[in-house]
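Shown next: final-v3.cif, containing mmCIF, C-alpha atoms.
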```
data_input
#
loop_
_atom_site.label_atom_id
_atom_site.label_comp_id
_atom_site.auth_asym_id
_atom_site.auth_seq_id
_atom_site.Cartn_x
_atom_site.Cartn_y
_atom_site.Cartn_z
CA MET A 1 192.53 -179.41 93.19
CA ALA A 2 191.93 -179.63 89.42
CA ARG A 3 188.46 -178.87 88.21
CA LYS A 4 186.62 -181.97 87.04
CA LYS A 5 186.13 -181.93 83.29
CA ARG A 6 182.50 -182.09 82.16
CA PRO A 7 181.70 -185.11 79.96
CA LYS A 8 180.85 -184.37 76.34
CA VAL A 9 177.24 -184.56 75.22
CA GLU A 10 176.65 -187.77 73.26
CA GLU A 11 173.98 -188.16 70.57
CA ARG A 12 172.63 -191.35 72.15
CA GLU A 13 171.85 -189.39 75.32
CA LEU A 14 169.36 -187.08 73.60
CA GLN A 15 165.85 -187.90 72.40
CA GLY A 16 162.31 -186.51 72.38
CA PHE A 17 163.11 -183.74 69.88
CA LYS A 18 159.77 -184.12 68.11
CA HIS A 19 158.09 -182.41 71.06
CA ILE A 20 160.41 -179.39 71.02
CA GLU A 21 160.16 -179.33 67.21
CA ALA A 22 156.45 -178.47 67.53
CA VAL A 23 157.31 -174.89 68.47
CA ALA A 24 159.89 -174.44 65.71
CA GLN A 25 157.31 -173.22 63.19
CA LEU A 26 156.20 -170.40 65.49
CA LEU A 27 159.79 -169.39 66.12
CA SER A 28 160.70 -169.44 62.42
CA ARG A 29 159.37 -165.90 61.94
CA LEU A 30 162.32 -164.71 64.04
CA HIS A 31 164.87 -166.26 61.69
CA GLU A 32 166.06 -163.00 60.12
CA ASP A 33 165.89 -160.92 63.32
CA GLY A 34 169.24 -159.43 64.25
CA CYS A 35 170.71 -159.98 60.80
CA ALA A 36 170.61 -156.33 59.69
CA ARG A 37 174.18 -155.68 60.78
CA ASP A 38 175.42 -158.88 59.10
CA LYS A 39 176.64 -157.10 55.96
CA ALA A 40 178.70 -160.09 54.84
CA GLY A 41 175.69 -162.41 54.96
CA ASN A 42 177.58 -165.13 56.80
CA ARG A 43 175.61 -165.38 60.04
CA THR A 44 175.22 -169.06 60.94
CA LEU A 45 173.32 -168.76 64.24
CA HIS A 46 169.83 -167.28 63.86
CA TYR A 47 167.34 -166.20 66.55
CA ASP A 48 164.94 -169.13 66.12
CA GLU A 49 167.85 -171.59 66.25
CA TYR A 50 169.21 -169.98 69.41
CA CYS A 51 165.79 -170.27 71.09
CA MET A 52 165.54 -173.93 70.09
CA GLN A 53 168.95 -174.55 71.64
CA VAL A 54 167.88 -172.79 74.85
CA LEU A 55 164.82 -175.08 74.95
CA LEU A 56 167.17 -178.03 74.48
CA PHE A 57 169.12 -176.74 77.52
CA LEU A 58 165.92 -176.36 79.58
CA PHE A 59 164.61 -179.85 78.84
CA ASN A 60 167.86 -181.83 78.92
CA PRO A 61 169.81 -182.06 82.19
CA ILE A 62 172.78 -183.33 80.18
CA VAL A 63 172.93 -180.02 78.30
CA SER A 64 173.82 -178.04 81.40
CA SER A 65 175.81 -175.03 80.18
CA LEU A 66 176.56 -172.78 77.22
CA ARG A 67 179.54 -174.98 76.34
CA ALA A 68 177.29 -178.05 76.48
CA ILE A 69 174.91 -176.32 74.04
CA GLU A 70 177.90 -175.77 71.73
CA GLN A 71 178.80 -179.47 71.99
CA ALA A 72 175.22 -180.57 71.33
CA SER A 73 175.05 -178.35 68.24
CA GLN A 74 177.87 -180.44 66.69
CA LEU A 75 175.69 -183.56 66.69
CA LYS A 76 174.09 -184.42 63.35
CA LYS A 77 170.81 -185.43 65.04
CA VAL A 78 170.56 -182.06 66.78
CA GLN A 79 171.43 -180.18 63.59
CA LYS A 80 168.82 -182.09 61.60
CA ILE A 81 165.96 -181.70 64.09
CA LEU A 82 166.69 -178.14 65.17
CA GLY A 83 167.57 -177.09 61.63
CA CYS A 84 170.81 -175.40 62.64
CA GLN A 85 174.51 -175.63 62.01
CA ARG A 86 177.23 -175.97 64.61
CA ALA A 87 177.12 -172.94 66.90
CA SER A 88 180.40 -171.63 68.19
CA LEU A 89 180.77 -170.55 71.80
CA GLY A 90 181.43 -167.01 70.54
CA SER A 91 178.17 -166.94 68.55
CA LEU A 92 176.18 -168.27 71.51
CA SER A 93 177.71 -165.67 73.82
CA GLU A 94 177.08 -162.87 71.31
CA ALA A 95 173.46 -163.92 70.71
CA THR A 96 172.06 -162.07 73.72
CA SER A 97 173.41 -158.76 72.42
CA VAL A 98 172.10 -159.38 68.88
CA PHE A 99 168.59 -160.80 69.37
CA ASP A 100 165.75 -158.79 70.92
CA ALA A 101 164.03 -160.64 73.78
CA GLU A 102 160.84 -158.60 73.30
CA ARG A 103 160.01 -160.54 70.12
CA LEU A 104 159.25 -163.64 72.21
CA PRO A 105 156.10 -162.49 74.10
CA GLU A 106 154.11 -162.67 70.83
CA ILE A 107 155.12 -166.34 70.50
CA ILE A 108 154.13 -166.93 74.13
CA GLY A 109 150.75 -165.30 73.48
CA GLU A 110 150.02 -167.59 70.52
CA LEU A 111 150.97 -170.70 72.49
CA ALA A 112 148.91 -169.57 75.48
CA ALA A 113 145.90 -169.04 73.22
CA GLN A 114 146.01 -172.75 72.37
CA LEU A 115 145.58 -173.75 76.02
CA LYS A 116 142.16 -174.79 77.22
CA PRO A 117 141.09 -174.12 80.83
CA LEU A 118 142.57 -176.84 83.04
CA HIS A 119 140.22 -176.29 85.94
CA HIS A 120 137.28 -174.12 86.90
CA ASP A 121 136.17 -173.73 90.49
CA PRO A 122 132.34 -173.75 90.45
CA ARG A 123 132.41 -171.61 93.59
CA LEU A 124 133.70 -168.74 91.43
CA LYS A 125 130.74 -168.78 89.01
CA ASP A 126 129.72 -165.26 90.10
CA VAL A 127 133.13 -163.82 89.14
CA GLN A 128 132.85 -162.71 85.52
CA HIS A 129 136.51 -161.72 85.08
CA ALA A 130 139.43 -164.10 84.53
CA LEU A 131 141.22 -164.66 87.83
CA THR A 132 144.72 -163.19 87.35
CA LEU A 133 147.35 -163.39 90.07
CA VAL A 134 150.04 -160.73 90.20
CA ASP A 135 153.36 -161.04 92.02
CA GLY A 136 157.12 -160.59 91.69
CA SER A 137 160.04 -162.87 92.42
CA LEU A 138 163.73 -162.18 92.75
CA LEU A 139 166.40 -164.05 90.80
CA SER A 140 169.99 -163.80 91.96
CA ALA A 141 172.69 -164.42 89.42
CA LEU A 142 176.44 -164.40 89.85
CA PRO A 143 177.74 -162.07 87.11
CA LYS A 144 181.00 -162.25 85.23
CA MET A 145 184.04 -161.76 87.40
CA ALA A 146 184.74 -158.22 86.25
CA GLN A 147 181.16 -157.12 86.83
CA ALA A 148 181.11 -158.84 90.23
CA MET A 149 184.30 -157.07 91.26
CA LEU A 150 182.89 -153.72 90.14
CA LEU A 151 179.64 -154.28 92.05
CA LYS A 152 181.49 -155.38 95.13
CA GLU A 153 183.48 -152.17 95.11
CA GLN A 154 180.32 -150.09 94.66
CA THR A 155 177.82 -151.95 96.84
CA GLY A 156 179.76 -154.53 98.78
CA SER A 157 177.84 -157.32 97.02
CA GLY A 158 178.75 -159.66 94.19
CA LEU A 159 175.15 -160.50 93.37
CA VAL A 160 172.98 -158.94 90.68
CA LYS A 161 169.26 -159.15 91.46
CA TRP A 162 166.42 -159.10 88.97
CA ARG A 163 162.68 -159.08 89.62
CA LEU A 164 160.16 -161.02 87.55
CA HIS A 165 156.81 -159.21 87.52
CA THR A 166 154.28 -161.89 86.70
CA GLN A 167 150.63 -161.94 85.68
CA PHE A 168 149.32 -165.49 86.08
CA GLU A 169 145.97 -166.82 84.85
CA VAL A 170 144.56 -169.36 87.28
CA GLU A 171 142.19 -171.35 85.06
CA ARG A 172 144.79 -172.13 82.41
CA TYR A 173 147.61 -172.27 84.99
CA VAL A 174 149.87 -170.19 82.78
CA PRO A 175 151.71 -166.87 83.10
CA LEU A 176 150.16 -164.27 80.80
CA ARG A 177 153.40 -162.30 80.83
CA MET A 178 156.59 -161.85 82.79
CA ASP A 179 158.44 -158.54 82.83
CA LEU A 180 162.03 -158.38 84.00
CA THR A 181 163.37 -155.35 85.88
CA ASP A 182 166.18 -154.78 88.32
CA GLY A 183 165.50 -155.87 91.88
CA SER A 184 165.50 -152.42 93.44
CA GLY A 185 161.71 -152.05 93.46
CA LYS A 186 162.12 -148.36 92.70
CA GLY A 187 161.17 -146.16 89.73
CA ASN A 188 160.46 -148.28 86.64
CA ALA A 189 161.10 -151.40 88.74
CA ASP A 190 158.28 -150.60 91.18
CA GLU A 191 155.81 -153.48 90.98
CA ARG A 192 152.77 -151.19 90.94
CA SER A 193 154.20 -149.10 88.09
CA VAL A 194 154.97 -152.22 86.06
CA LEU A 195 151.42 -153.54 86.51
CA GLN A 196 149.84 -150.16 85.64
CA LYS A 197 151.55 -150.28 82.23
CA GLN A 198 150.28 -153.80 81.47
CA LEU A 199 146.65 -153.74 82.65
CA LEU A 200 144.08 -155.64 80.60
CA PRO A 201 140.25 -155.48 80.61
CA GLY A 202 138.19 -158.42 81.82
CA ARG A 203 140.64 -159.47 84.53
CA CYS A 204 140.20 -159.94 88.26
CA TYR A 205 143.61 -159.00 89.65
CA VAL A 206 144.51 -160.71 92.93
CA LEU A 207 147.14 -158.68 94.74
CA ASP A 208 149.07 -158.55 97.98
CA ARG A 209 149.46 -155.40 100.06
CA GLY A 210 152.60 -154.26 98.23
CA TYR A 211 150.30 -153.32 95.33
CA ALA A 212 147.86 -151.30 97.45
CA LYS A 213 147.72 -147.90 95.76
CA PHE A 214 144.64 -145.77 95.04
CA LYS A 215 145.86 -144.78 91.57
CA LEU A 216 146.38 -148.43 90.61
CA PHE A 217 142.92 -149.40 91.93
CA ASN A 218 141.34 -146.54 89.95
CA GLU A 219 143.10 -147.57 86.73
CA ILE A 220 142.11 -151.24 87.14
CA HIS A 221 138.49 -150.17 87.62
CA ALA A 222 138.63 -147.73 84.68
CA ILE A 223 139.92 -150.33 82.23
CA GLY A 224 136.99 -152.65 82.99
CA SER A 225 138.67 -155.07 85.37
CA SER A 226 138.31 -155.85 89.08
CA TYR A 227 140.71 -156.43 91.94
CA VAL A 228 140.95 -158.28 95.23
CA CYS A 229 143.82 -156.84 97.25
CA ARG A 230 145.06 -157.11 100.79
CA ILE A 231 145.65 -153.67 102.30
CA ARG A 232 148.00 -152.71 105.11
CA ASP A 233 147.03 -153.07 108.75
CA ASN A 234 147.23 -149.30 109.27
CA SER A 235 145.09 -148.41 106.25
CA HIS A 236 142.62 -145.60 106.94
CA PHE A 237 139.00 -145.78 105.84
CA GLU A 238 135.55 -144.64 106.86
CA VAL A 239 132.68 -147.15 106.98
CA THR A 240 129.63 -146.04 104.98
CA GLU A 241 127.60 -149.27 105.22
CA SER A 242 127.85 -152.59 107.05
CA ARG A 243 126.61 -155.70 105.27
CA ALA A 244 125.00 -158.71 106.90
CA LEU A 245 127.10 -161.88 106.98
CA THR A 246 125.83 -165.30 105.88
CA PRO A 247 126.64 -168.67 107.51
CA GLU A 248 129.07 -169.31 104.63
CA ASP A 249 130.82 -166.03 105.46
CA HIS A 250 131.20 -166.99 109.11
CA GLU A 251 132.52 -170.42 108.12
CA ALA A 252 135.19 -168.71 105.98
CA GLY A 253 136.41 -166.73 108.99
CA ILE A 254 134.89 -163.42 107.87
CA VAL A 255 134.03 -161.04 110.70
CA SER A 256 132.84 -157.99 108.74
CA ASP A 257 131.86 -156.88 105.24
CA GLN A 258 131.68 -153.11 104.84
CA MET A 259 131.29 -150.47 102.15
CA VAL A 260 133.98 -147.89 102.86
CA GLN A 261 135.61 -144.64 101.79
CA LEU A 262 139.32 -145.38 101.58
CA GLY A 263 141.77 -142.69 102.61
CA ASN A 264 141.13 -139.31 104.19
CA ARG A 265 138.43 -137.02 102.79
CA THR A 266 140.98 -134.19 103.01
CA SER A 267 143.36 -136.04 100.66
CA THR A 268 144.18 -134.65 97.22
CA ASN A 269 142.23 -135.95 94.21
CA SER A 270 145.19 -138.13 93.15
CA ALA A 271 145.00 -139.94 96.51
CA ARG A 272 141.26 -140.69 96.44
CA MET A 273 139.24 -143.60 95.15
CA ASP A 274 136.91 -142.68 92.28
CA HIS A 275 134.62 -145.72 92.62
CA PRO A 276 132.80 -147.57 95.44
CA VAL A 277 134.72 -150.29 97.28
CA ARG A 278 134.21 -152.69 100.14
CA VAL A 279 136.60 -154.00 102.79
CA ILE A 280 136.27 -157.51 104.15
CA PHE A 281 137.92 -158.51 107.44
CA ILE A 282 139.05 -162.13 107.75
CA GLN A 283 140.27 -163.55 111.03
CA THR A 284 143.63 -165.27 110.89
CA LYS A 285 146.50 -166.19 113.19
CA PRO A 286 148.44 -163.13 114.43
CA HIS A 287 152.21 -163.15 114.22
CA PRO A 288 155.03 -160.67 114.84
CA LYS A 289 157.65 -159.92 112.24
CA ARG A 290 160.80 -161.98 112.59
CA GLY A 291 163.79 -159.93 113.65
CA LYS A 292 167.45 -160.52 112.92
CA SER A 293 167.79 -162.27 116.27
CA GLY A 294 165.14 -164.84 115.32
CA GLY A 295 161.66 -165.52 116.64
CA GLY A 296 158.39 -164.33 115.17
CA SER A 297 157.35 -165.01 111.61
CA ALA A 298 158.92 -164.31 108.22
CA GLY A 299 157.67 -161.40 106.15
CA HIS A 300 155.37 -158.66 107.41
CA ALA A 301 153.77 -158.78 110.84
CA SER A 302 150.04 -159.50 111.14
CA ASP A 303 147.64 -158.36 113.85
CA GLY A 304 145.36 -161.33 113.17
CA TRP A 305 143.08 -159.66 110.61
CA LEU A 306 143.31 -159.78 106.83
CA ARG A 307 141.85 -156.63 105.32
CA ILE A 308 140.76 -157.31 101.74
CA VAL A 309 139.61 -154.44 99.53
CA THR A 310 137.68 -155.07 96.29
CA ASN A 311 135.49 -153.34 93.73
CA LEU A 312 133.47 -156.57 93.33
CA LEU A 313 130.32 -155.39 95.06
CA ASP A 314 127.87 -158.15 94.15
CA VAL A 315 130.02 -161.20 94.96
CA PRO A 316 129.47 -162.96 98.32
CA ALA A 317 132.11 -162.12 100.93
CA TRP A 318 133.19 -165.74 101.33
CA VAL A 319 133.93 -165.88 97.58
CA ILE A 320 136.20 -162.83 97.95
CA ALA A 321 138.06 -164.72 100.69
CA LEU A 322 138.35 -167.75 98.39
CA ILE A 323 139.72 -165.60 95.56
CA TYR A 324 142.42 -164.23 97.83
CA ARG A 325 143.38 -167.76 98.89
CA TYR A 326 144.16 -168.49 95.25
CA ARG A 327 146.98 -165.93 95.45
CA TRP A 328 149.23 -168.63 96.86
CA THR A 329 148.92 -170.61 93.63
CA ILE A 330 151.45 -168.26 92.07
CA GLU A 331 153.98 -169.10 94.80
CA VAL A 332 153.60 -172.80 93.95
CA PHE A 333 154.09 -171.97 90.27
CA PHE A 334 157.20 -169.88 91.01
CA ARG A 335 158.84 -172.82 92.76
CA PHE A 336 158.16 -174.98 89.71
CA PHE A 337 159.15 -172.27 87.24
CA LYS A 338 162.53 -171.73 88.87
CA GLN A 339 163.24 -175.45 88.40
CA VAL A 340 162.47 -175.16 84.69
CA LEU A 341 164.33 -171.87 84.34
CA GLY A 342 167.43 -173.36 85.91
CA CYS A 343 167.93 -170.08 87.74
CA ARG A 344 170.91 -171.51 89.59
CA HIS A 345 172.65 -171.57 86.22
CA LEU A 346 171.78 -168.64 83.99
CA ILE A 347 173.44 -168.98 80.60
CA SER A 348 173.65 -165.20 80.26
CA HIS A 349 174.17 -162.47 82.82
CA ASN A 350 172.96 -159.45 80.86
CA GLU A 351 169.36 -158.30 81.11
CA ASN A 352 168.37 -159.17 77.53
CA GLY A 353 169.92 -162.63 77.85
CA ILE A 354 168.08 -163.33 81.09
CA LYS A 355 164.86 -162.20 79.40
CA ILE A 356 165.41 -164.64 76.52
CA GLN A 357 166.05 -167.50 78.95
CA THR A 358 163.02 -166.47 81.01
CA TYR A 359 160.71 -166.29 77.99
CA CYS A 360 161.99 -169.64 76.72
CA ALA A 361 161.23 -171.12 80.16
CA ILE A 362 157.66 -169.80 79.86
CA ILE A 363 157.46 -171.48 76.44
CA ALA A 364 158.69 -174.70 78.08
CA CYS A 365 155.92 -174.45 80.72
CA LEU A 366 153.33 -173.87 78.00
CA LEU A 367 154.60 -176.84 76.01
CA ILE A 368 154.24 -179.09 79.07
CA SER A 369 150.62 -177.96 79.51
CA LEU A 370 149.87 -178.39 75.80
CA TRP A 371 151.45 -181.86 75.66
CA THR A 372 149.85 -183.16 78.85
CA GLY A 373 146.58 -181.23 79.18
CA ARG A 374 147.48 -180.84 82.87
CA LYS A 375 149.07 -178.14 84.98
CA PRO A 376 152.89 -178.36 84.80
CA THR A 377 154.34 -179.93 87.92
CA LEU A 378 157.87 -180.67 89.06
CA ARG A 379 157.31 -184.45 88.84
CA THR A 380 156.03 -184.18 85.26
CA TYR A 381 158.90 -181.86 84.31
CA GLU A 382 161.40 -184.32 85.80
CA MET A 383 159.78 -187.20 83.91
CA ILE A 384 160.00 -185.28 80.63
CA CYS A 385 163.68 -184.53 81.38
CA TYR A 386 164.31 -188.26 82.02
CA TYR A 387 162.68 -188.97 78.68
CA PHE A 388 164.72 -186.36 76.81
CA SER A 389 167.94 -187.65 78.38
CA GLY A 390 167.15 -191.25 77.44
CA LEU A 391 166.54 -192.54 80.98
CA ALA A 392 162.79 -193.06 80.45
CA SER A 393 161.07 -194.56 77.42
CA GLU A 394 158.14 -192.94 75.63
CA ASP A 395 155.86 -195.64 77.07
CA GLU A 396 157.02 -194.79 80.60
CA LEU A 397 156.43 -191.08 79.97
CA LEU A 398 152.93 -191.80 78.64
CA ALA A 399 152.21 -194.04 81.64
CA HIS A 400 153.13 -191.14 83.96
CA LEU A 401 150.91 -188.71 82.05
CA ASN A 402 148.00 -191.16 82.09
CA SER A 403 148.34 -191.51 85.86
CA LEU A 404 147.76 -187.77 86.42
CA PRO A 405 144.30 -186.77 87.66
CA ASN A 406 141.89 -185.48 85.01
CA ASP A 407 140.69 -182.63 87.22
CA PRO A 408 143.88 -181.14 88.71
CA ASN A 409 143.57 -179.30 91.97
CA ILE A 410 145.19 -175.92 91.40
CA MET A 411 144.46 -174.63 94.88
CA PRO A 412 147.62 -175.01 96.99
#
```

Can you give me the file's structure in the form of structure tokens?
Amino acid sequence: MARKKRPKVEERELQGFKHIEAVAQLLSRLHEDGCARDKAGNRTLHYDEYCMQVLLFLFNPIVSSLRAIEQASQLKKVQKILGCQRASLGSLSEATSVFDAERLPEIIGELAAQLKPLHHDPRLKDVQHALTLVDGSLLSALPKMAQAMLLKEQTGSGLVKWRLHTQFEVERYVPLRMDLTDGSGKGNADERSVLQKQLLPGRCYVLDRGYAKFKLFNEIHAIGSSYVCRIRDNSHFEVTESRALTPEDHEAGIVSDQMVQLGNRTSTNSARMDHPVRVIFIQTKPHPKRGKSGGGSAGHASDGWLRIVTNLLDVPAWVIALIYRYRWTIEVFFRFFKQVLGCRHLISHNENGIKIQTYCAIIACLLISLWTGRKPTLRTYEMICYYFSGLASEDELLAHLNSLPNDPNIMP
């Protein structure tokens, strides 16, 4: 059966460029990046232009592939607004080996700085640090045929996996940074090692039990930040003081609030905590781990108790439980982000190319928040895509934005 030919991108199908154009000035500083080896001075595709074309791909369902980007670049309207010439398929393919993805985080930082808090939970007034969720997500991409064949011979798999290590600020509903590593979770790809290298002061890091590590806790405390982290069910600690529970604590399902000494006293110095901590027990529904034969629950097993460790000593226990509940916000964001990223169709399969697409997707999320003053949602993203593809008018887009609540609920 012959493969169905994709329709060409028509100029009348594209609109809404003025919104993407707003970021062009920030990207313009990258114009000469990657030109050092262009001795002949005839490079026609520059870094800022490539990023603008990736944004065009992310916001326009019609522009659905690298070849579609090439077709769109032939349109006079696209060339005028994006300030670029026609980009050949060869230039677009080569771009990910010429341009350095690590120049984009500075652009992301400047855009993020323009965001105002979208929501503040008054129940968190006693938490002085910015609530920052930390997690990782796997992307699977089908590589080029030769690479897939090589991997299949070596590992029996044709999939390449990457892990996005994300720090996500709750109040502004925006990722502070995303770091891409291989999906092995070992060595430099270990999620705790990645976070240790990127710690910031003034943050309250909300972590799941995969991040539970004394050295990481000590470094977070030393840099002037705090943490709220679930620890494993078999974690060892000695209780040094039991705290009285309030009615609010009981209502939140808390059964104990204790000052503890984590680990064994006979442990080496590198495996000890160097600051006081407390452990809060929260009652939850127990579940076994699902086996290959089915039954049980996905993920890790639970004995019915959440054990939350924190160096926040003066915050009510029920607030600590609330902070940990916010951890699921990042899962909601990941689902949205993967829609924007188009992770089912990566336009590059090398690490630097995936980074560029990932960083451009973060820029797209930031632009949605800046344009709307709301948290980015799938419905809003879809509406913007309808607008960019000519299916929705500007009045219809504005009507959708005006219908969004002024005080978005960011708790899942």

Return the single residue from A:Ala361, A:Gly373, A:Ile384, A:Leu245 that is closest to A:Leu58, with distances computed using only C-alpha atoms.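 Closest candidate: A:Ala361.
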
Please write as a compact mmCIF listing (two decimals) with C-alpha atoms, keeping the file's coordinate frame the full residue list that the PyMOL selection byres ((chain A and resi 174-188) around 10) yields on this file.
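Result saved to selection.txt:
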```
# COMPACT_ATOMS: atom_id res chain seq x y z
CA GLU A 102 160.84 -158.60 73.30
CA PRO A 105 156.10 -162.49 74.10
CA ILE A 108 154.13 -166.93 74.13
CA GLY A 109 150.75 -165.30 73.48
CA ALA A 112 148.91 -169.57 75.48
CA ALA A 113 145.90 -169.04 73.22
CA LEU A 115 145.58 -173.75 76.02
CA PRO A 117 141.09 -174.12 80.83
CA LEU A 118 142.57 -176.84 83.04
CA THR A 132 144.72 -163.19 87.35
CA LEU A 133 147.35 -163.39 90.07
CA VAL A 134 150.04 -160.73 90.20
CA ASP A 135 153.36 -161.04 92.02
CA GLY A 136 157.12 -160.59 91.69
CA SER A 137 160.04 -162.87 92.42
CA LEU A 138 163.73 -162.18 92.75
CA LEU A 139 166.40 -164.05 90.80
CA SER A 140 169.99 -163.80 91.96
CA VAL A 160 172.98 -158.94 90.68
CA LYS A 161 169.26 -159.15 91.46
CA TRP A 162 166.42 -159.10 88.97
CA ARG A 163 162.68 -159.08 89.62
CA LEU A 164 160.16 -161.02 87.55
CA HIS A 165 156.81 -159.21 87.52
CA THR A 166 154.28 -161.89 86.70
CA GLN A 167 150.63 -161.94 85.68
CA PHE A 168 149.32 -165.49 86.08
CA GLU A 169 145.97 -166.82 84.85
CA VAL A 170 144.56 -169.36 87.28
CA GLU A 171 142.19 -171.35 85.06
CA ARG A 172 144.79 -172.13 82.41
CA TYR A 173 147.61 -172.27 84.99
CA ALA A 189 161.10 -151.40 88.74
CA ASP A 190 158.28 -150.60 91.18
CA GLU A 191 155.81 -153.48 90.98
CA ARG A 192 152.77 -151.19 90.94
CA SER A 193 154.20 -149.10 88.09
CA VAL A 194 154.97 -152.22 86.06
CA LEU A 195 151.42 -153.54 86.51
CA GLN A 198 150.28 -153.80 81.47
CA ILE A 330 151.45 -168.26 92.07
CA PHE A 333 154.09 -171.97 90.27
CA GLU A 351 169.36 -158.30 81.11
CA ASN A 352 168.37 -159.17 77.53
CA ILE A 354 168.08 -163.33 81.09
CA LYS A 355 164.86 -162.20 79.40
CA THR A 358 163.02 -166.47 81.01
CA TYR A 359 160.71 -166.29 77.99
CA ILE A 362 157.66 -169.80 79.86
CA ILE A 363 157.46 -171.48 76.44
CA CYS A 365 155.92 -174.45 80.72
CA LEU A 366 153.33 -173.87 78.00
CA SER A 369 150.62 -177.96 79.51
CA LYS A 375 149.07 -178.14 84.98
CA PRO A 376 152.89 -178.36 84.80
```

From the list A:Cys51, A:Ala399, A:Ile280, A:Leu313, the nearest residue to A:Gly353 using all atoms listed in the file is A:Cys51

Can you measure atom CA of A:Gly83 to atom CA of A:Glu49 for me? One decimal in Å is fine.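 Atom-to-atom, atom CA of A:Gly83 to atom CA of A:Glu49, that is 7.2 Å.
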
Select, from A:Lys80, A:His400, A:Arg123, A:Arg232, the residue with the minimum atom-to-atom distance to A:Trp318, counting all atoms listed in the file. A:Arg123

Using all atoms listed in the file, determine which residues lie at most 9 Å from A:Gln74, disregarding the query and same-chain residues fewer than 3 positions distant; provide the list as a short mmCIF file (atom, residue, chain, number, x, y, z; two decimals) with C-alpha atoms, in the frame of the given file.
```
data_model
loop_
_atom_site.label_atom_id
_atom_site.label_comp_id
_atom_site.auth_asym_id
_atom_site.auth_seq_id
_atom_site.Cartn_x
_atom_site.Cartn_y
_atom_site.Cartn_z
CA ILE A 69 174.91 -176.32 74.04
CA GLU A 70 177.90 -175.77 71.73
CA GLN A 71 178.80 -179.47 71.99
CA LYS A 77 170.81 -185.43 65.04
CA VAL A 78 170.56 -182.06 66.78
CA GLN A 79 171.43 -180.18 63.59
CA GLN A 85 174.51 -175.63 62.01
CA ARG A 86 177.23 -175.97 64.61
CA ALA A 87 177.12 -172.94 66.90
#
```

Using only C-alpha atoms and a cutoff of 10 Å, can you tell me which residues are near (146.1, -167.8, 97.3) in the file's coordinates, and write them out as a list of chain:residue names?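 Residues close enough to count: A:Leu133, A:Val206, A:Leu207, A:Asp208, A:Ala321, A:Leu322, A:Ile323, A:Tyr324, A:Arg325, A:Tyr326, A:Arg327, A:Trp328, A:Thr329, A:Ile330, A:Glu331, A:Val332, A:Met411, A:Pro412.
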
For the point (135.1, -159.7, 106.9) in the file's frame, write as a PyMOL selection string all residues with an atom no more than 8 Å away, counting only C-alpha atoms. chain A and resi 249+253-258+279-283+307+317

Could you write out that same residue set with C-alpha atoms as a PDB file, in the coordinates of the input?
```pdb
ATOM      1  CA  ASP A 249     130.820-166.030 105.460  1.00  0.00           C
ATOM      2  CA  GLY A 253     136.410-166.730 108.990  1.00  0.00           C
ATOM      3  CA  ILE A 254     134.890-163.420 107.870  1.00  0.00           C
ATOM      4  CA  VAL A 255     134.030-161.040 110.700  1.00  0.00           C
ATOM      5  CA  SER A 256     132.840-157.990 108.740  1.00  0.00           C
ATOM      6  CA  ASP A 257     131.860-156.880 105.240  1.00  0.00           C
ATOM      7  CA  GLN A 258     131.680-153.110 104.840  1.00  0.00           C
ATOM      8  CA  VAL A 279     136.600-154.000 102.790  1.00  0.00           C
ATOM      9  CA  ILE A 280     136.270-157.510 104.150  1.00  0.00           C
ATOM     10  CA  PHE A 281     137.920-158.510 107.440  1.00  0.00           C
ATOM     11  CA  ILE A 282     139.050-162.130 107.750  1.00  0.00           C
ATOM     12  CA  GLN A 283     140.270-163.550 111.030  1.00  0.00           C
ATOM     13  CA  ARG A 307     141.850-156.630 105.320  1.00  0.00           C
ATOM     14  CA  ALA A 317     132.110-162.120 100.930  1.00  0.00           C
TER      15      ALA A 317
END
```

How far is it from atom CA of A:Arg379 to atom CA of A:Gln339, in Å with one decimal?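 Between these atoms lies a distance of 10.8 Å.
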
Nearest to A:Ser97: which of A:Cys35, A:Leu75, A:Ile320, A:Met52 is it, counting all atoms listed in the file? A:Cys35

In terms of all atoms listed in the file, the residue from A:Lys116, A:Arg374, A:His31, A:His349 at minimal distance from A:Thr96 is A:His349

Which residues, named as in the file, does the PyMOL selection byres ((chain A and resi 235-243) around 6) pick out? Answer as a PDB file with C-alpha atoms, keeping the file's coordinate frame.
```
ATOM      1  CA  ARG A 232     148.000-152.710 105.110  1.00  0.00           C
ATOM      2  CA  ASP A 233     147.030-153.070 108.750  1.00  0.00           C
ATOM      3  CA  ASN A 234     147.230-149.300 109.270  1.00  0.00           C
ATOM      4  CA  ALA A 244     125.000-158.710 106.900  1.00  0.00           C
ATOM      5  CA  ASP A 257     131.860-156.880 105.240  1.00  0.00           C
ATOM      6  CA  GLN A 258     131.680-153.110 104.840  1.00  0.00           C
ATOM      7  CA  MET A 259     131.290-150.470 102.150  1.00  0.00           C
ATOM      8  CA  VAL A 260     133.980-147.890 102.860  1.00  0.00           C
ATOM      9  CA  GLN A 261     135.610-144.640 101.790  1.00  0.00           C
ATOM     10  CA  LEU A 262     139.320-145.380 101.580  1.00  0.00           C
ATOM     11  CA  GLY A 263     141.770-142.690 102.610  1.00  0.00           C
TER      12      GLY A 263
END
```

Selected residue, from A:Pro316, A:Ser348, A:Lys285, A:Trp305, that lies nearest to A:Pro247 when counting all atoms listed in the file: A:Pro316

Would you pick out the contacts of A:Thr310 at 7 Å or less, using all atoms listed in the file, so that residues sharing its chain but fewer than 6 positions from it are not included, and give the list as a PyMOL selection string? chain A and resi 227-229+277-279
